[in-house]
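Data from query12.pdb: PDB, C-alpha atoms
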```pdb
MODEL        1
ATOM      1  CA  MET A   1     139.114 144.032  61.172
ATOM      2  CA  SER A   2     139.389 145.651  57.758
ATOM      3  CA  PRO A   3     139.875 143.476  54.642
ATOM      4  CA  GLY A   4     143.496 142.353  54.275
ATOM      5  CA  SER A   5     144.556 143.546  57.716
ATOM      6  CA  GLU A   6     146.587 141.387  60.073
ATOM      7  CA  PRO A   7     144.674 139.426  62.739
ATOM      8  CA  ALA A   8     145.413 140.599  66.261
ATOM      9  CA  LEU A   9     145.021 139.191  69.743
ATOM     10  CA  ARG A  10     144.821 140.704  73.187
ATOM     11  CA  VAL A  11     147.903 139.542  75.120
ATOM     12  CA  THR A  12     148.421 139.717  78.880
ATOM     13  CA  GLU A  13     152.108 138.751  78.816
ATOM     14  CA  ILE A  14     154.838 136.948  76.912
ATOM     15  CA  PHE A  15     157.648 135.483  78.988
ATOM     16  CA  HIS A  16     160.333 132.786  79.075
ATOM     17  CA  SER A  17     160.348 130.253  81.898
ATOM     18  CA  ILE A  18     160.603 126.605  82.829
ATOM     19  CA  GLN A  19     157.550 124.639  81.779
ATOM     20  CA  GLY A  20     155.888 123.703  85.055
ATOM     21  CA  GLU A  21     153.219 121.210  83.981
ATOM     22  CA  SER A  22     152.334 118.402  81.556
ATOM     23  CA  THR A  23     154.746 115.860  80.101
ATOM     24  CA  TRP A  24     156.801 118.841  78.921
ATOM     25  CA  ALA A  25     157.596 119.905  82.506
ATOM     26  CA  GLY A  26     161.163 120.994  83.128
ATOM     27  CA  LEU A  27     161.883 122.283  79.633
ATOM     28  CA  PRO A  28     162.611 125.939  78.826
ATOM     29  CA  CYS A  29     159.522 127.369  77.164
ATOM     30  CA  THR A  30     158.211 130.714  75.966
ATOM     31  CA  PHE A  31     154.663 131.451  77.100
ATOM     32  CA  VAL A  32     152.127 133.606  75.284
ATOM     33  CA  ARG A  33     149.349 134.351  77.762
ATOM     34  CA  LEU A  34     146.230 135.601  76.010
ATOM     35  CA  THR A  35     143.664 137.739  77.794
ATOM     36  CA  GLY A  36     140.148 136.686  78.718
ATOM     37  CA  CYS A  37     138.365 133.582  80.010
ATOM     38  CA  PRO A  38     134.678 132.632  80.175
ATOM     39  CA  LEU A  39     135.259 130.419  83.237
ATOM     40  CA  ARG A  40     135.744 131.364  86.871
ATOM     41  CA  CYS A  41     137.361 128.352  88.535
ATOM     42  CA  VAL A  42     137.505 128.869  92.275
ATOM     43  CA  TRP A  43     141.199 127.964  92.475
ATOM     44  CA  CYS A  44     142.316 130.007  89.438
ATOM     45  CA  ASP A  45     145.809 131.489  89.801
ATOM     46  CA  THR A  46     145.713 133.685  86.679
ATOM     47  CA  ALA A  47     142.691 135.891  87.334
ATOM     48  CA  TYR A  48     144.848 138.874  86.359
ATOM     49  CA  ALA A  49     144.507 137.654  82.761
ATOM     50  CA  PHE A  50     140.712 137.997  82.726
ATOM     51  CA  GLN A  51     140.827 141.610  81.538
ATOM     52  CA  GLY A  52     143.167 144.202  80.081
ATOM     53  CA  GLY A  53     146.112 143.085  78.008
ATOM     54  CA  THR A  54     147.723 144.631  74.950
ATOM     55  CA  ARG A  55     146.504 144.244  71.377
ATOM     56  CA  MET A  56     149.264 142.636  69.297
ATOM     57  CA  THR A  57     149.332 141.396  65.700
ATOM     58  CA  LEU A  58     150.456 137.862  64.927
ATOM     59  CA  ASP A  59     153.693 139.262  63.530
ATOM     60  CA  GLU A  60     154.331 141.237  66.712
ATOM     61  CA  ILE A  61     153.694 138.194  68.888
ATOM     62  CA  THR A  62     155.906 135.938  66.761
ATOM     63  CA  SER A  63     158.694 138.528  66.763
ATOM     64  CA  THR A  64     158.540 138.841  70.550
ATOM     65  CA  VAL A  65     158.637 135.057  70.950
ATOM     66  CA  ALA A  66     161.652 134.862  68.633
ATOM     67  CA  GLY A  67     163.516 137.303  70.857
ATOM     68  CA  PHE A  68     163.661 134.744  73.668
ATOM     69  CA  GLY A  69     165.279 132.013  71.561
ATOM     70  CA  GLY A  70     164.335 128.361  71.851
ATOM     71  CA  LYS A  71     161.739 126.495  69.839
ATOM     72  CA  LEU A  72     159.140 125.464  72.437
ATOM     73  CA  VAL A  73     156.213 127.835  72.938
ATOM     74  CA  GLU A  74     152.929 127.518  74.807
ATOM     75  CA  ILE A  75     149.783 129.500  74.105
ATOM     76  CA  THR A  76     147.876 129.824  77.364
ATOM     77  CA  GLY A  77     145.503 132.136  79.214
ATOM     78  CA  GLY A  78     143.015 132.815  80.551
ATOM     79  CA  GLU A  79     141.358 130.648  77.962
ATOM     80  CA  PRO A  80     143.262 131.247  74.721
ATOM     81  CA  LEU A  81     140.521 129.886  72.474
ATOM     82  CA  ALA A  82     138.143 132.550  73.767
ATOM     83  CA  GLN A  83     139.820 134.699  71.077
ATOM     84  CA  LYS A  84     138.871 133.483  67.606
ATOM     85  CA  ASP A  85     142.294 134.136  66.072
ATOM     86  CA  ALA A  86     144.212 131.994  68.585
ATOM     87  CA  PRO A  87     144.330 129.046  66.126
ATOM     88  CA  ALA A  88     145.843 131.394  63.538
ATOM     89  CA  LEU A  89     148.594 132.292  66.010
ATOM     90  CA  ALA A  90     149.323 128.605  66.521
ATOM     91  CA  GLU A  91     149.589 128.123  62.764
ATOM     92  CA  ARG A  92     151.917 131.114  62.452
ATOM     93  CA  LEU A  93     154.213 129.716  65.138
ATOM     94  CA  LEU A  94     154.179 126.252  63.560
ATOM     95  CA  ALA A  95     155.149 127.791  60.224
ATOM     96  CA  ALA A  96     158.068 129.509  61.972
ATOM     97  CA  GLY A  97     159.380 126.141  63.154
ATOM     98  CA  TYR A  98     158.152 126.112  66.757
ATOM     99  CA  THR A  99     156.794 123.187  68.712
ATOM    100  CA  VAL A 100     153.477 124.618  69.918
ATOM    101  CA  LEU A 101     151.621 123.661  73.096
ATOM    102  CA  LEU A 102     148.088 124.891  73.756
ATOM    103  CA  GLU A 103     146.754 124.948  77.326
ATOM    104  CA  THR A 104     142.973 125.028  77.075
ATOM    105  CA  SER A 105     139.954 124.205  79.182
ATOM    106  CA  GLY A 106     137.475 121.606  78.049
ATOM    107  CA  ALA A 107     134.829 124.305  77.669
ATOM    108  CA  VAL A 108     135.663 125.792  74.246
ATOM    109  CA  ASP A 109     135.581 124.042  70.862
ATOM    110  CA  VAL A 110     139.077 122.894  69.839
ATOM    111  CA  GLY A 111     138.012 121.687  66.396
ATOM    112  CA  ALA A 112     139.716 124.568  64.569
ATOM    113  CA  VAL A 113     143.117 123.941  66.169
ATOM    114  CA  ASP A 114     145.810 122.596  63.837
ATOM    115  CA  PRO A 115     146.383 118.886  64.622
ATOM    116  CA  ARG A 116     150.136 119.529  64.827
ATOM    117  CA  VAL A 117     149.558 121.548  68.005
ATOM    118  CA  HIS A 118     150.061 119.678  71.282
ATOM    119  CA  LYS A 119     146.779 120.313  73.080
ATOM    120  CA  ILE A 120     146.709 120.087  76.881
ATOM    121  CA  MET A 121     143.026 120.014  77.794
ATOM    122  CA  ASP A 122     142.096 120.868  81.369
ATOM    123  CA  LEU A 123     138.776 119.124  82.033
ATOM    124  CA  LYS A 124     137.084 120.750  85.006
ATOM    125  CA  CYS A 125     136.384 118.674  88.132
ATOM    126  CA  PRO A 126     133.438 119.610  90.406
ATOM    127  CA  GLY A 127     135.751 121.366  92.878
ATOM    128  CA  SER A 128     136.460 123.995  90.236
ATOM    129  CA  GLY A 129     132.825 125.098  90.235
ATOM    130  CA  GLU A 130     132.836 124.815  86.439
ATOM    131  CA  SER A 131     132.453 121.110  85.631
ATOM    132  CA  ALA A 132     129.092 121.753  83.956
ATOM    133  CA  ARG A 133     130.970 123.711  81.280
ATOM    134  CA  ASN A 134     132.998 120.736  80.036
ATOM    135  CA  ARG A 135     132.510 120.211  76.310
ATOM    136  CA  TRP A 136     132.888 116.448  76.156
ATOM    137  CA  GLU A 137     132.797 116.327  72.367
ATOM    138  CA  ASN A 138     136.227 117.979  72.428
ATOM    139  CA  LEU A 139     137.676 114.590  73.343
ATOM    140  CA  GLU A 140     136.995 113.459  69.772
ATOM    141  CA  HIS A 141     139.450 116.098  68.529
ATOM    142  CA  LEU A 142     142.347 114.808  70.637
ATOM    143  CA  GLY A 143     145.129 112.673  69.206
ATOM    144  CA  ALA A 144     148.335 110.937  70.174
ATOM    145  CA  ARG A 145     150.225 114.166  70.844
ATOM    146  CA  ASP A 146     147.522 115.584  73.145
ATOM    147  CA  GLU A 147     147.041 115.382  76.913
ATOM    148  CA  VAL A 148     144.085 115.591  79.293
ATOM    149  CA  LYS A 149     144.563 117.202  82.691
ATOM    150  CA  PHE A 150     142.336 117.065  85.764
ATOM    151  CA  VAL A 151     143.034 119.633  88.501
ATOM    152  CA  VAL A 152     141.849 118.068  91.759
ATOM    153  CA  ALA A 153     141.027 119.878  94.999
ATOM    154  CA  GLY A 154     140.534 116.727  97.082
ATOM    155  CA  GLN A 155     139.342 113.124  97.162
ATOM    156  CA  ASP A 156     135.949 113.876  95.631
ATOM    157  CA  ASP A 157     137.607 115.469  92.604
ATOM    158  CA  LEU A 158     140.013 112.550  92.276
ATOM    159  CA  ASP A 159     137.139 110.057  92.365
ATOM    160  CA  TRP A 160     135.303 112.119  89.719
ATOM    161  CA  ALA A 161     138.399 112.302  87.485
ATOM    162  CA  LEU A 162     139.108 108.569  87.706
ATOM    163  CA  ALA A 163     135.460 107.786  86.935
ATOM    164  CA  ALA A 164     135.538 110.134  83.926
ATOM    165  CA  ILE A 165     138.689 108.422  82.651
ATOM    166  CA  ARG A 166     137.033 105.014  82.879
ATOM    167  CA  ASP A 167     133.630 106.097  81.547
ATOM    168  CA  ARG A 168     135.161 107.878  78.546
ATOM    169  CA  HIS A 169     137.704 105.071  77.963
ATOM    170  CA  LEU A 170     140.566 107.554  78.119
ATOM    171  CA  ASP A 171     142.768 104.962  79.817
ATOM    172  CA  ARG A 172     142.321 102.635  76.834
ATOM    173  CA  ARG A 173     143.213 105.446  74.449
ATOM    174  CA  VAL A 174     146.456 106.133  76.329
ATOM    175  CA  LEU A 175     147.419 102.464  76.381
ATOM    176  CA  GLU A 176     146.617 102.135  72.678
ATOM    177  CA  GLY A 177     148.609 105.266  71.863
ATOM    178  CA  SER A 178     145.742 107.343  70.455
ATOM    179  CA  LEU A 179     145.983 109.841  73.352
ATOM    180  CA  GLY A 180     149.236 111.192  74.714
ATOM    181  CA  ALA A 181     148.777 111.318  78.488
ATOM    182  CA  LEU A 182     146.395 111.658  81.409
ATOM    183  CA  LEU A 183     147.467 114.109  84.111
ATOM    184  CA  ILE A 184     146.271 114.452  87.695
ATOM    185  CA  SER A 185     147.296 117.831  89.096
ATOM    186  CA  PRO A 186     146.579 118.748  92.740
ATOM    187  CA  VAL A 187     145.532 122.306  93.524
ATOM    188  CA  TRP A 188     148.544 124.070  95.024
ATOM    189  CA  GLY A 189     148.463 123.702  98.814
ATOM    190  CA  LEU A 190     146.498 120.446  98.855
ATOM    191  CA  GLU A 191     147.649 118.849 102.095
ATOM    192  CA  ASP A 192     146.998 115.158 101.503
ATOM    193  CA  LEU A 193     149.348 114.462  98.607
ATOM    194  CA  GLU A 194     150.077 111.033 100.060
ATOM    195  CA  GLY A 195     146.390 110.148  99.957
ATOM    196  CA  LEU A 196     146.191 111.418  96.393
ATOM    197  CA  ALA A 197     149.129 109.259  95.362
ATOM    198  CA  GLU A 198     147.646 106.218  97.096
ATOM    199  CA  GLY A 199     144.335 106.763  95.310
ATOM    200  CA  ILE A 200     146.088 106.877  91.955
ATOM    201  CA  LEU A 201     148.041 103.699  92.724
ATOM    202  CA  ALA A 202     144.895 101.905  93.828
ATOM    203  CA  SER A 203     143.076 102.884  90.625
ATOM    204  CA  GLY A 204     145.461 100.970  88.389
ATOM    205  CA  LEU A 205     144.938 103.609  85.719
ATOM    206  CA  PRO A 206     147.750 104.897  83.462
ATOM    207  CA  VAL A 207     147.708 108.432  84.865
ATOM    208  CA  ARG A 208     150.594 110.736  85.701
ATOM    209  CA  LEU A 209     150.651 112.658  88.991
ATOM    210  CA  GLN A 210     152.096 116.121  88.460
ATOM    211  CA  THR A 211     152.673 119.105  90.686
ATOM    212  CA  GLN A 212     153.352 122.665  89.564
ATOM    213  CA  LEU A 213     157.124 122.658  89.181
ATOM    214  CA  HIS A 214     157.349 126.424  88.685
ATOM    215  CA  LYS A 215     155.805 127.006  92.123
ATOM    216  CA  TRP A 216     158.321 124.721  93.794
ATOM    217  CA  ILE A 217     161.060 126.797  92.168
ATOM    218  CA  TRP A 218     159.713 130.363  92.539
ATOM    219  CA  GLY A 219     157.101 130.027  95.258
ATOM    220  CA  PRO A 220     153.325 129.682  95.504
ATOM    221  CA  HIS A 221     152.572 133.127  94.101
ATOM    222  CA  ARG A 222     154.042 132.255  90.741
ATOM    223  CA  ALA A 223     151.150 132.238  88.286
ATOM    224  CA  GLY A 224     150.126 129.105  86.461
ATOM    225  CA  VAL A 225     151.982 128.538  83.208
TER     226      VAL A 225
ENDMDL
END
```
Go through the file and emit its structure as structure tokens.
Amino acid sequence: MSPGSEPALRVTEIFHSIQGESTWAGLPCTFVRLTGCPLRCVWCDTAYAFQGGTRMTLDEITSTVAGFGGKLVEITGGEPLAQKDAPALAERLLAAGYTVLLETSGAVDVGAVDPRVHKIMDLKCPGSGESARNRWENLEHLGARDEVKFVVAGQDDLDWALAAIRDRHLDRRVLEGSLGALLISPVWGLEDLEGLAEGILASGLPVRLQTQLHKWIWGPHRAGV
């Protein structure tokens, strides 16, 4: 990038939809899906965002977002923080008056993200094949507006997620109000939802079971949002 030039990001798509996950589920939201991801989760539903995309300046992205109306926007991927100027995009959107959500894995440093951004951190369970990539120190950068999500592919993943919540005292942080929410999200197609719900109830932990609302509406081939 030449001195004084506008930062740019590689963008897979920008679209308007119903937010399908997190405590923001059900709300109209504009999504900016950035290209690229260093992880290869076995259940990933957005592999099309690993490569390609279109190079867009921050002004071009913000202008496109504005065209959809509304004031809720999520920066997602791929892994959005794999591009170094993603935090600058978040700041640009905040300055324009948007409420900004950031869907990110637990594998990339979130320290540069503006604290006004609502971070939704997807810590990887063993069933993803990528749990060794979790950057646990990221938890220290999370505040009361942020959420931690665990995508579970079965009972083993649920047990791992509940143990991580206890070991890292994330339940205490939610109850004390220093962390926004803990989310348990079954992989789409997981058959034993009843068993998953019973496991959550038995844990006594302050976690929220969520499913992917957008896939109930538009079908299982709808990409993750």
Considering all atoms listed in the file, can you say which of A:Asp171, A:Leu27, A:Pro186, A:Leu93 comes closest to Ser63 (chain A)?
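Nearest candidate to Ser63 (chain A) out of A:Asp171, A:Leu27, A:Pro186, A:Leu93: A:Leu93.
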Would you write out, as JSON lines, a table of all residues in region 2-31 of chain A that have an atom no more than 12 Å from an atom of region 213-219 of chain A, listing for each the closest atom pair and the distance in Å to one decimal, considering only C-alpha atoms and ordering rows by chain and rising residue number?
```
{"residue": "A:His16", "atom": "CA", "partner": "A:His214", "partner_atom": "CA", "distance": 11.9}
{"residue": "A:Ser17", "atom": "CA", "partner": "A:His214", "partner_atom": "CA", "distance": 8.3}
{"residue": "A:Ile18", "atom": "CA", "partner": "A:His214", "partner_atom": "CA", "distance": 6.7}
{"residue": "A:Gln19", "atom": "CA", "partner": "A:His214", "partner_atom": "CA", "distance": 7.1}
{"residue": "A:Gly20", "atom": "CA", "partner": "A:Leu213", "partner_atom": "CA", "distance": 4.4}
{"residue": "A:Glu21", "atom": "CA", "partner": "A:Leu213", "partner_atom": "CA", "distance": 6.7}
{"residue": "A:Ser22", "atom": "CA", "partner": "A:Leu213", "partner_atom": "CA", "distance": 10.0}
{"residue": "A:Thr23", "atom": "CA", "partner": "A:Leu213", "partner_atom": "CA", "distance": 11.6}
{"residue": "A:Trp24", "atom": "CA", "partner": "A:Leu213", "partner_atom": "CA", "distance": 11.0}
{"residue": "A:Ala25", "atom": "CA", "partner": "A:Leu213", "partner_atom": "CA", "distance": 7.2}
{"residue": "A:Gly26", "atom": "CA", "partner": "A:Leu213", "partner_atom": "CA", "distance": 7.5}
{"residue": "A:Leu27", "atom": "CA", "partner": "A:Leu213", "partner_atom": "CA", "distance": 10.7}
{"residue": "A:Pro28", "atom": "CA", "partner": "A:His214", "partner_atom": "CA", "distance": 11.2}
{"residue": "A:Cys29", "atom": "CA", "partner": "A:His214", "partner_atom": "CA", "distance": 11.8}
```
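Once the PyMOL selection byres ((chain A and resi 197-199) around 10) is applied to the depicted file, the selected set reads A:Gln155, A:Leu158, A:Asp159, A:Leu162, A:Ile184, A:Asp192, A:Leu193, A:Glu194, A:Gly195, A:Leu196, A:Ile200, A:Leu201, A:Ala202, A:Ser203, A:Gly204, A:Arg208, A:Leu209.
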Go through the shown structure with the PyMOL selection byres ((chain A and resi 103) around 9) and write out the matching residues as a ChimeraX atom specification.
/A:74-77,79-80,101-102,104-105,118-122,225
Excluding same-chain residues fewer than 4 positions from Thr30 (chain A), what lies within 8 Å of it counting all atoms listed in the file, as a list of chain:residue names?
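Residues meeting the cut-off are A:Ile14, A:Phe15, A:His16, A:Ser17, A:Val65, A:Phe68, A:Gly70, A:Leu72, A:Val73, A:Glu74.
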Name the residues that the PyMOL selection byres ((chain A and resi 178) around 12) picks from the file above, as a VMD selection string, using the file's chain letters and numbers.
chain A and resid 139 to 147 169 to 177 179 to 182
Rank nothing, just name the residue among A:Val11, A:Cys125, A:Leu81, A:Ala161 nearest to Pro38 (chain A), using all atoms listed in the file.
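Residue with the minimum atom-to-atom distance to Pro38 (chain A): A:Leu81.
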d(CA of Pro115 (chain A), CA of Ala49 (chain A)) in Å:
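One can read the CA of Pro115 (chain A) to CA of Ala49 (chain A) distance as 26.2 Å.
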Atom pair CA of Ser131 (chain A) / CA of Ala164 (chain A): separation (Å)
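It comes out at 11.5 Å.
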Please indicate the distance in Å from CA of Asp85 (chain A) to CA of Leu58 (chain A), rounded to one decimal place.
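Separation of CA of Asp85 (chain A) and CA of Leu58 (chain A): 9.0 Å.
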Local residues around (140.3, 119.7, 92.2), at most 8 Å away, using only C-alpha atoms, as a list of chain:residue names:
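Protein, DNA and RNA residues close to (140.3, 119.7, 92.2): A:Lys124, A:Cys125, A:Pro126, A:Gly127, A:Ser128, A:Phe150, A:Val151, A:Val152, A:Ala153, A:Gly154, A:Asp157, A:Leu158, A:Ser185, A:Pro186, A:Val187.
The shortest atom-to-atom distance to Asn138 (chain A), with only C-alpha atoms taken into account, belongs to A:Leu123 out of A:Val207, A:Ile61, A:Leu123, A:Ala8.
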Name the closest residue to Arg116 (chain A) among the candidates A:Ala90, A:Leu9, A:Cys37, A:Ala96; distances are taken between atoms, counting only C-alpha atoms.
A:Ala90
A:Ala47, A:Cys41, A:Ala86, A:Val32: which is nearest Arg133 (chain A), counting only C-alpha atoms?
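Between A:Ala47, A:Cys41, A:Ala86, A:Val32, the residue approaching Arg133 (chain A) most closely is A:Cys41.
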With all atoms listed in the file counted, which protein, DNA or RNA residues have an atom no more than 6 Å from (160.0, 124.2, 69.0) in the file frame? Please answer as a list in words.
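The residues near that point, listed by chain and number, are Lys71, Leu72, Tyr98 and Thr99 of chain A.
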